[in-house]
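> Mind having a look at this structure? Questions to follow.
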Number of protein chains: 2
Amino acid sequence: MAVRKPRLGRDDWTAAALTAIGEQGLAGVAVEPLAARLGTTKGSFYWHFANRDALLEAALSSWDETYTDEILRTVDAEPDPAARLRALFIAVTASERAPVEVHLHAAADHPAVASAMRRAVARRTAYIASQLTALGFDQAEAERRALFAYATYIGHIQLVVRIPEAVPQGPALEAYLGTVLAAVLGENGKPAAN
Amino acid sequence: MAVRKPRLGRDDWTAAALTAIGEQGLAGVAVEPLAARLGTTKGSFYWHFANRDALLEAALSSWDETYTDEILRTVDAEPDPAARLRALFIAVTASERAPVEVHLHAAADHPAVASAMRRAVARRTAYIASQLTALGFDQAEAERRALFAYATYIGHIQLVVRIPEAVPQGPALEAYLGTVLAAVLGENGKPAAN
DNA sequence: CCTCCTCCATACGGAACCGTATGGAGAGAC
DNA sequence: GTCTCTCCATACGGTTCCGTATGGAGGAGG
């Protein structure tokens, strides 16, 4: 049971920062508390990073990768557009991603966070819209519905994280999500008459 | 141009706090900065309030009144349920209420804020659901759609406040909101076949 | 005019962070 | 074994906020 004294790398700090965001939001990205949690001191931190903002940038970049790139890659392996949207929908509503997303949105007054959010919205809605056009929606309607779906997603995770009592559980949740998915896809998954 | 020295009351502080929430979020509810802005000092504040939390409670209570009670009263004057929902939808999407709502949601880790949010969600979704049942939806479906509508609202104002570039402007916004309203109401404003 | 009673100013002390300065401790190069 | 380079610990000083203590200013009542 010797106390290991593993030297920390930049990545350990970044990972800890992202975890802290999920738990406490941007305020959790604080040098001294993080150091305490990692069992080290500020001396380590300021060796690897110039300042707090540099850590935040690194954490956001890591967030881009795991919370957008990765999931879109995974979902894109599905065979057809409808299945991709469905898989995406399930993946993002039924996981522990929500707290990080919600806390980041809440911290968008910080410029670095704001630009990360912009990147995310752009990439995600573009992907959704591309699937919708593949389903037969024209470009404008696809963009509208993509944004609509994204807004609904944001609102949903917001409620799940902030006011979980407001969101149904179990089968009721299934029914709810069914209602939502149907509404977003045009009540029957096919383009409605324009 | 004599510099008036109006004595401040409890209400001046609560109003300033609510304004600050709209501009800077919960962090804006800070005694010393608020005092500076009101042209006074902490001495005044701690005369009227026990501490920062007391001010926050007062601000939240005021928020209840103007951001939920009042608007529901206004909207409820419309002649029929569909008109009420439409009026509600327009009122909440097209105003300056958004920043306060968004910032409060972002601060729901604070217990007092969390309970205010719970109150708001409960009252608002209940109202929407009651209008939907009046339109012919059965209770369960009305509740689902009410929550759906509320989630969409939350997500929408979140985007408007945090990433305004993502939200269309002018006529495109009209079209977008049309798509959304139609989807929430069942593609045609009447209950879909179950 | 004097006295309270209400309201506010000033001055502290303390907590939680950020960022800097500086002195090591440990491991590989030789 | 010594040197050096990487990494970390400790100690400061500075900022921003909370909350308390205490001493007035200024008007309402007598």
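By convention in this document, the chains of the structure tokens carry letters A, B, ... by their order, each chain's residues are numbered from 1, and ligands are numbered from 1 in the order they are shown.
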Least-squares superpose chain B onto chain A - every C-alpha atom, paired in order - and show me the moved coordinates as an mmCIF file with C-alpha atoms, in the first residue's frame.


data_model
loop_
_atom_site.group_PDB
_atom_site.id
_atom_site.type_symbol
_atom_site.label_atom_id
_atom_site.label_comp_id
_atom_site.auth_asym_id
_atom_site.auth_seq_id
_atom_site.Cartn_x
_atom_site.Cartn_y
_atom_site.Cartn_z
ATOM 1 C CA MET B 1 -0.232 -0.206 -0.110
ATOM 2 C CA ALA B 2 2.526 2.240 -0.757
ATOM 3 C CA VAL B 3 1.218 5.630 -1.733
ATOM 4 C CA ARG B 4 2.076 5.994 -5.382
ATOM 5 C CA LYS B 5 3.212 9.402 -6.389
ATOM 6 C CA PRO B 6 2.400 9.429 -10.081
ATOM 7 C CA ARG B 7 3.552 12.497 -11.844
ATOM 8 C CA LEU B 8 0.778 14.326 -13.516
ATOM 9 C CA GLY B 9 0.584 15.342 -17.125
ATOM 10 C CA ARG B 10 -1.321 18.010 -18.931
ATOM 11 C CA ASP B 11 -4.022 15.487 -19.770
ATOM 12 C CA ASP B 12 -4.708 14.632 -16.154
ATOM 13 C CA TRP B 13 -5.515 18.249 -15.486
ATOM 14 C CA THR B 14 -7.771 18.599 -18.513
ATOM 15 C CA ALA B 15 -9.633 15.434 -17.663
ATOM 16 C CA ALA B 16 -10.109 16.606 -14.097
ATOM 17 C CA ALA B 17 -11.317 19.958 -15.359
ATOM 18 C CA LEU B 18 -13.914 18.349 -17.607
ATOM 19 C CA THR B 19 -15.094 16.185 -14.750
ATOM 20 C CA ALA B 20 -15.351 19.219 -12.526
ATOM 21 C CA ILE B 21 -17.439 21.003 -15.145
ATOM 22 C CA GLY B 22 -19.852 18.112 -15.096
ATOM 23 C CA GLU B 23 -20.140 18.269 -11.348
ATOM 24 C CA GLN B 24 -19.963 21.926 -10.486
ATOM 25 C CA GLY B 25 -19.915 23.841 -13.713
ATOM 26 C CA LEU B 26 -17.312 26.321 -14.724
ATOM 27 C CA ALA B 27 -16.745 27.343 -11.128
ATOM 28 C CA GLY B 28 -15.343 23.882 -10.577
ATOM 29 C CA VAL B 29 -12.475 24.697 -12.874
ATOM 30 C CA ALA B 30 -10.503 26.342 -10.107
ATOM 31 C CA VAL B 31 -6.831 25.698 -9.733
ATOM 32 C CA GLU B 32 -6.530 25.230 -6.032
ATOM 33 C CA PRO B 33 -9.531 22.933 -5.539
ATOM 34 C CA LEU B 34 -8.521 20.842 -8.540
ATOM 35 C CA ALA B 35 -5.022 20.560 -7.208
ATOM 36 C CA ALA B 36 -6.355 19.364 -3.890
ATOM 37 C CA ARG B 37 -8.468 16.792 -5.640
ATOM 38 C CA LEU B 38 -5.569 15.538 -7.674
ATOM 39 C CA GLY B 39 -3.487 15.332 -4.549
ATOM 40 C CA THR B 40 -1.023 17.913 -5.708
ATOM 41 C CA THR B 41 -0.517 21.655 -5.579
ATOM 42 C CA LYS B 42 -0.670 24.737 -7.735
ATOM 43 C CA GLY B 43 3.012 24.313 -8.406
ATOM 44 C CA SER B 44 2.165 21.437 -10.701
ATOM 45 C CA PHE B 45 -0.606 23.279 -12.438
ATOM 46 C CA TYR B 46 1.356 26.359 -13.341
ATOM 47 C CA TRP B 47 4.072 24.188 -14.723
ATOM 48 C CA HIS B 48 1.729 22.633 -17.278
ATOM 49 C CA PHE B 49 -0.511 25.617 -17.973
ATOM 50 C CA ALA B 50 -0.054 29.339 -18.298
ATOM 51 C CA ASN B 51 -3.208 30.122 -16.390
ATOM 52 C CA ARG B 52 -6.734 29.041 -15.686
ATOM 53 C CA ASP B 53 -8.000 29.986 -19.121
ATOM 54 C CA ALA B 54 -5.455 27.759 -20.786
ATOM 55 C CA LEU B 55 -6.812 24.817 -18.832
ATOM 56 C CA LEU B 56 -10.322 25.760 -19.808
ATOM 57 C CA GLU B 57 -9.400 25.887 -23.476
ATOM 58 C CA ALA B 58 -7.842 22.471 -23.237
ATOM 59 C CA ALA B 59 -10.908 21.072 -21.519
ATOM 60 C CA LEU B 60 -13.186 22.573 -24.141
ATOM 61 C CA SER B 61 -11.133 21.126 -26.918
ATOM 62 C CA SER B 62 -11.370 17.731 -25.301
ATOM 63 C CA TRP B 63 -15.087 18.294 -24.971
ATOM 64 C CA ASP B 64 -15.364 18.942 -28.708
ATOM 65 C CA GLU B 65 -13.784 15.619 -29.411
ATOM 66 C CA THR B 66 -15.730 13.385 -27.060
ATOM 67 C CA TYR B 67 -19.053 15.181 -27.016
ATOM 68 C CA THR B 68 -19.479 15.962 -30.681
ATOM 69 C CA ASP B 69 -16.952 14.321 -32.997
ATOM 70 C CA GLU B 70 -17.061 10.952 -31.363
ATOM 71 C CA ILE B 71 -20.798 10.620 -31.039
ATOM 72 C CA LEU B 72 -21.446 11.792 -34.566
ATOM 73 C CA ARG B 73 -18.922 9.271 -35.849
ATOM 74 C CA THR B 74 -20.628 6.496 -33.927
ATOM 75 C CA VAL B 75 -24.115 7.407 -35.005
ATOM 76 C CA ASP B 76 -23.083 7.856 -38.589
ATOM 77 C CA ALA B 77 -22.310 4.167 -38.785
ATOM 78 C CA GLU B 78 -26.031 3.415 -38.778
ATOM 79 C CA PRO B 79 -27.341 2.268 -42.156
ATOM 80 C CA ASP B 80 -29.913 4.938 -42.990
ATOM 81 C CA PRO B 81 -30.790 8.518 -42.018
ATOM 82 C CA ALA B 82 -33.811 7.644 -39.917
ATOM 83 C CA ALA B 83 -31.808 5.118 -37.942
ATOM 84 C CA ARG B 84 -29.024 7.656 -37.465
ATOM 85 C CA LEU B 85 -31.389 10.248 -36.068
ATOM 86 C CA ARG B 86 -32.992 7.710 -33.842
ATOM 87 C CA ALA B 87 -29.650 6.490 -32.559
ATOM 88 C CA LEU B 88 -28.534 10.053 -31.984
ATOM 89 C CA PHE B 89 -31.693 10.856 -30.120
ATOM 90 C CA ILE B 90 -31.361 7.855 -27.877
ATOM 91 C CA ALA B 91 -27.675 8.374 -27.257
ATOM 92 C CA VAL B 92 -27.987 11.965 -26.150
ATOM 93 C CA THR B 93 -31.100 11.639 -24.033
ATOM 94 C CA ALA B 94 -30.087 8.533 -22.164
ATOM 95 C CA SER B 95 -26.649 9.199 -20.823
ATOM 96 C CA GLU B 96 -24.526 11.064 -18.367
ATOM 97 C CA ARG B 97 -23.474 13.594 -20.923
ATOM 98 C CA ALA B 98 -26.182 15.950 -19.802
ATOM 99 C CA PRO B 99 -24.508 17.630 -16.825
ATOM 100 C CA VAL B 100 -21.482 18.740 -18.785
ATOM 101 C CA GLU B 101 -23.586 20.072 -21.626
ATOM 102 C CA VAL B 102 -25.885 21.938 -19.301
ATOM 103 C CA HIS B 103 -23.119 23.441 -17.230
ATOM 104 C CA LEU B 104 -21.270 24.555 -20.307
ATOM 105 C CA HIS B 105 -24.323 26.255 -21.691
ATOM 106 C CA ALA B 106 -24.736 27.950 -18.360
ATOM 107 C CA ALA B 107 -21.225 29.334 -18.614
ATOM 108 C CA ALA B 108 -21.482 30.725 -22.112
ATOM 109 C CA ASP B 109 -20.822 34.215 -20.829
ATOM 110 C CA HIS B 110 -17.177 33.208 -20.891
ATOM 111 C CA PRO B 111 -15.887 33.850 -24.404
ATOM 112 C CA ALA B 112 -14.020 30.568 -24.760
ATOM 113 C CA VAL B 113 -17.081 28.621 -23.701
ATOM 114 C CA ALA B 114 -19.281 30.672 -25.985
ATOM 115 C CA SER B 115 -17.191 29.855 -28.990
ATOM 116 C CA ALA B 116 -17.180 26.176 -28.082
ATOM 117 C CA MET B 117 -20.948 26.284 -27.929
ATOM 118 C CA ARG B 118 -21.089 27.949 -31.318
ATOM 119 C CA ARG B 119 -18.919 25.244 -32.801
ATOM 120 C CA ALA B 120 -21.082 22.541 -31.280
ATOM 121 C CA VAL B 121 -24.412 23.975 -32.398
ATOM 122 C CA ALA B 122 -23.161 24.506 -35.912
ATOM 123 C CA ARG B 123 -21.779 21.009 -36.323
ATOM 124 C CA ARG B 124 -24.637 19.227 -34.642
ATOM 125 C CA THR B 125 -27.489 21.011 -36.356
ATOM 126 C CA ALA B 126 -25.723 20.664 -39.669
ATOM 127 C CA TYR B 127 -25.531 16.928 -39.168
ATOM 128 C CA ILE B 128 -29.177 16.642 -38.218
ATOM 129 C CA ALA B 129 -30.219 18.799 -41.140
ATOM 130 C CA SER B 130 -28.231 16.686 -43.555
ATOM 131 C CA GLN B 131 -30.047 13.589 -42.351
ATOM 132 C CA LEU B 132 -33.374 15.332 -42.708
ATOM 133 C CA THR B 133 -32.694 16.379 -46.263
ATOM 134 C CA ALA B 134 -31.734 12.796 -46.984
ATOM 135 C CA LEU B 135 -35.181 11.927 -45.700
ATOM 136 C CA GLY B 136 -36.765 14.212 -48.246
ATOM 137 C CA PHE B 137 -37.201 17.513 -46.442
ATOM 138 C CA ASP B 138 -36.166 20.506 -48.456
ATOM 139 C CA GLN B 139 -33.168 22.429 -47.197
ATOM 140 C CA ALA B 140 -34.999 25.235 -45.415
ATOM 141 C CA GLU B 141 -37.425 22.958 -43.649
ATOM 142 C CA ALA B 142 -34.613 20.604 -42.718
ATOM 143 C CA GLU B 143 -32.714 23.445 -41.103
ATOM 144 C CA ARG B 144 -35.785 24.584 -39.233
ATOM 145 C CA ARG B 145 -36.460 21.141 -37.894
ATOM 146 C CA ALA B 146 -32.834 20.570 -37.040
ATOM 147 C CA LEU B 147 -32.769 23.713 -34.946
ATOM 148 C CA PHE B 148 -36.084 22.761 -33.438
ATOM 149 C CA ALA B 149 -34.751 19.374 -32.498
ATOM 150 C CA TYR B 150 -31.635 20.898 -31.031
ATOM 151 C CA ALA B 151 -33.580 23.417 -28.976
ATOM 152 C CA THR B 152 -35.719 20.610 -27.659
ATOM 153 C CA TYR B 153 -32.615 18.655 -26.775
ATOM 154 C CA ILE B 154 -31.133 21.596 -24.902
ATOM 155 C CA GLY B 155 -34.344 22.186 -23.010
ATOM 156 C CA HIS B 156 -34.694 18.525 -22.201
ATOM 157 C CA ILE B 157 -31.263 18.055 -20.688
ATOM 158 C CA GLN B 158 -31.706 21.332 -18.877
ATOM 159 C CA LEU B 159 -34.798 19.957 -17.209
ATOM 160 C CA VAL B 160 -33.234 16.593 -16.553
ATOM 161 C CA VAL B 161 -30.275 18.154 -14.801
ATOM 162 C CA ARG B 162 -31.931 21.054 -13.040
ATOM 163 C CA ILE B 163 -35.430 19.863 -12.280
ATOM 164 C CA PRO B 164 -35.461 16.096 -12.622
ATOM 165 C CA GLU B 165 -38.844 15.824 -10.895
ATOM 166 C CA ALA B 166 -40.394 17.517 -13.906
ATOM 167 C CA VAL B 167 -39.302 14.772 -16.263
ATOM 168 C CA PRO B 168 -41.160 11.476 -16.333
ATOM 169 C CA GLN B 169 -39.426 8.192 -15.591
ATOM 170 C CA GLY B 170 -39.395 4.745 -17.109
ATOM 171 C CA PRO B 171 -42.226 3.891 -19.484
ATOM 172 C CA ALA B 172 -43.720 7.371 -19.224
ATOM 173 C CA LEU B 173 -40.389 8.742 -20.395
ATOM 174 C CA GLU B 174 -40.453 6.381 -23.349
ATOM 175 C CA ALA B 175 -43.888 7.601 -24.297
ATOM 176 C CA TYR B 176 -42.786 11.168 -23.875
ATOM 177 C CA LEU B 177 -39.743 10.753 -26.062
ATOM 178 C CA GLY B 178 -41.911 9.011 -28.627
ATOM 179 C CA THR B 179 -44.182 12.012 -28.766
ATOM 180 C CA VAL B 180 -41.210 14.304 -29.157
ATOM 181 C CA LEU B 181 -39.471 12.305 -31.841
ATOM 182 C CA ALA B 182 -42.651 11.992 -33.829
ATOM 183 C CA ALA B 183 -43.258 15.711 -33.621
ATOM 184 C CA VAL B 184 -39.777 16.615 -34.723
ATOM 185 C CA LEU B 185 -39.810 14.209 -37.633
ATOM 186 C CA GLY B 186 -43.193 15.349 -38.850
ATOM 187 C CA GLU B 187 -45.633 13.227 -36.921
ATOM 188 C CA ASN B 188 -44.832 10.147 -38.947
ATOM 189 C CA GLY B 189 -41.168 10.288 -39.818
ATOM 190 C CA LYS B 190 -41.759 11.438 -43.344
ATOM 191 C CA PRO B 191 -41.909 14.919 -44.748
ATOM 192 C CA ALA B 192 -45.275 16.527 -44.302
ATOM 193 C CA ALA B 193 -46.955 17.996 -47.320
ATOM 194 C CA ASN B 194 -45.797 21.526 -47.866
#

> Go through chain B and collect every residue that DSSP, computed from the backbone, puts in alpha helix (DSSP H); the answer should be as a ChimeraX atom specification.

/B:10-24,31-37,42-48,52-64,70-75,81-93,98-106,111-134,139-162,170-185

> Please compute the C1' of DA15 in chain C-C1' of DC18 in chain D distance, one decimal, in Å.

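So the answer is 8.3 Å.
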
> With only C-alpha atoms (C1' of nucleotides) considered, list every residue of chain D at most 10 Å from chain B, as a PyMOL selection string.

chain D and resi 16-20

> Pull out every residue of chain C that has at least one atom within 10 Å of chain A, counting only C-alpha atoms (C1' of nucleotides), and report them as a list in words.

DA16, DC17, DC18, DG19 and DT20 of chain C

> For the selection you just gave me, I'd like the residues written to a file as a CSV table (one decimal), in the first residue's frame, keeping C-alpha atoms (C1' of nucleotides).


chain,number,residue,atom,x,y,z
C,16,DA,C1',-11.6,31.7,-1.5
C,17,DC,C1',-9.1,32.2,-5.5
C,18,DC,C1',-5.4,33.7,-9.0
C,19,DG,C1',-0.8,34.2,-10.3
C,20,DT,C1',4.4,34.7,-9.0

> Please provide as a PDB file with C-alpha atoms (C1' of nucleotides), in the first residue's frame all residues within 12 Å of DG28 in chain C, with the sequence filter that same-chain residues fewer than 3 positions apart are discarded (counting only C-alpha atoms (C1' of nucleotides)).


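Here's the written file selection32.pdb:
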ATOM      1  C1'  DC D   3      24.960  17.399 -13.475  1.00  0.00           C
ATOM      2  C1'  DT D   4      21.053  18.924 -15.397  1.00  0.00           C
ATOM      3  C1'  DC D   5      16.428  19.157 -16.686  1.00  0.00           C
ATOM      4  C1'  DT D   6      11.762  18.235 -15.473  1.00  0.00           C
TER       5       DT D   6
END

> Could you please determine the separation between C1' of DA25 in chain C and C1' of DA9 in chain D in Å, to one decimal place?

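These two atoms are separated by 9.8 Å.
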
> For DA21 in chain C, list every protein, DNA or RNA residue within 12 Å, evaluated using only C-alpha atoms (C1' of nucleotides), and leave out those in the same chain fewer than 5 positions away; present the list as a ChimeraX atom specification.

/A:43 /D:10-13

> Take the residues from that selection and put them in a file with C-alpha atoms (C1' of nucleotides), as a PDB file, in the first residue's frame.


ATOM      1  CA  GLY A  43       3.050  24.372  -8.441  1.00  0.00           C
TER       2      GLY A  43
ATOM      3  C1'  DT D  10       5.723  26.315  -0.178  1.00  0.00           C
ATOM      4  C1'  DA D  11       5.216  30.850   0.683  1.00  0.00           C
ATOM      5  C1'  DC D  12       3.627  35.485  -0.745  1.00  0.00           C
ATOM      6  C1'  DG D  13       0.963  39.337  -2.386  1.00  0.00           C
TER       7       DG D  13
END
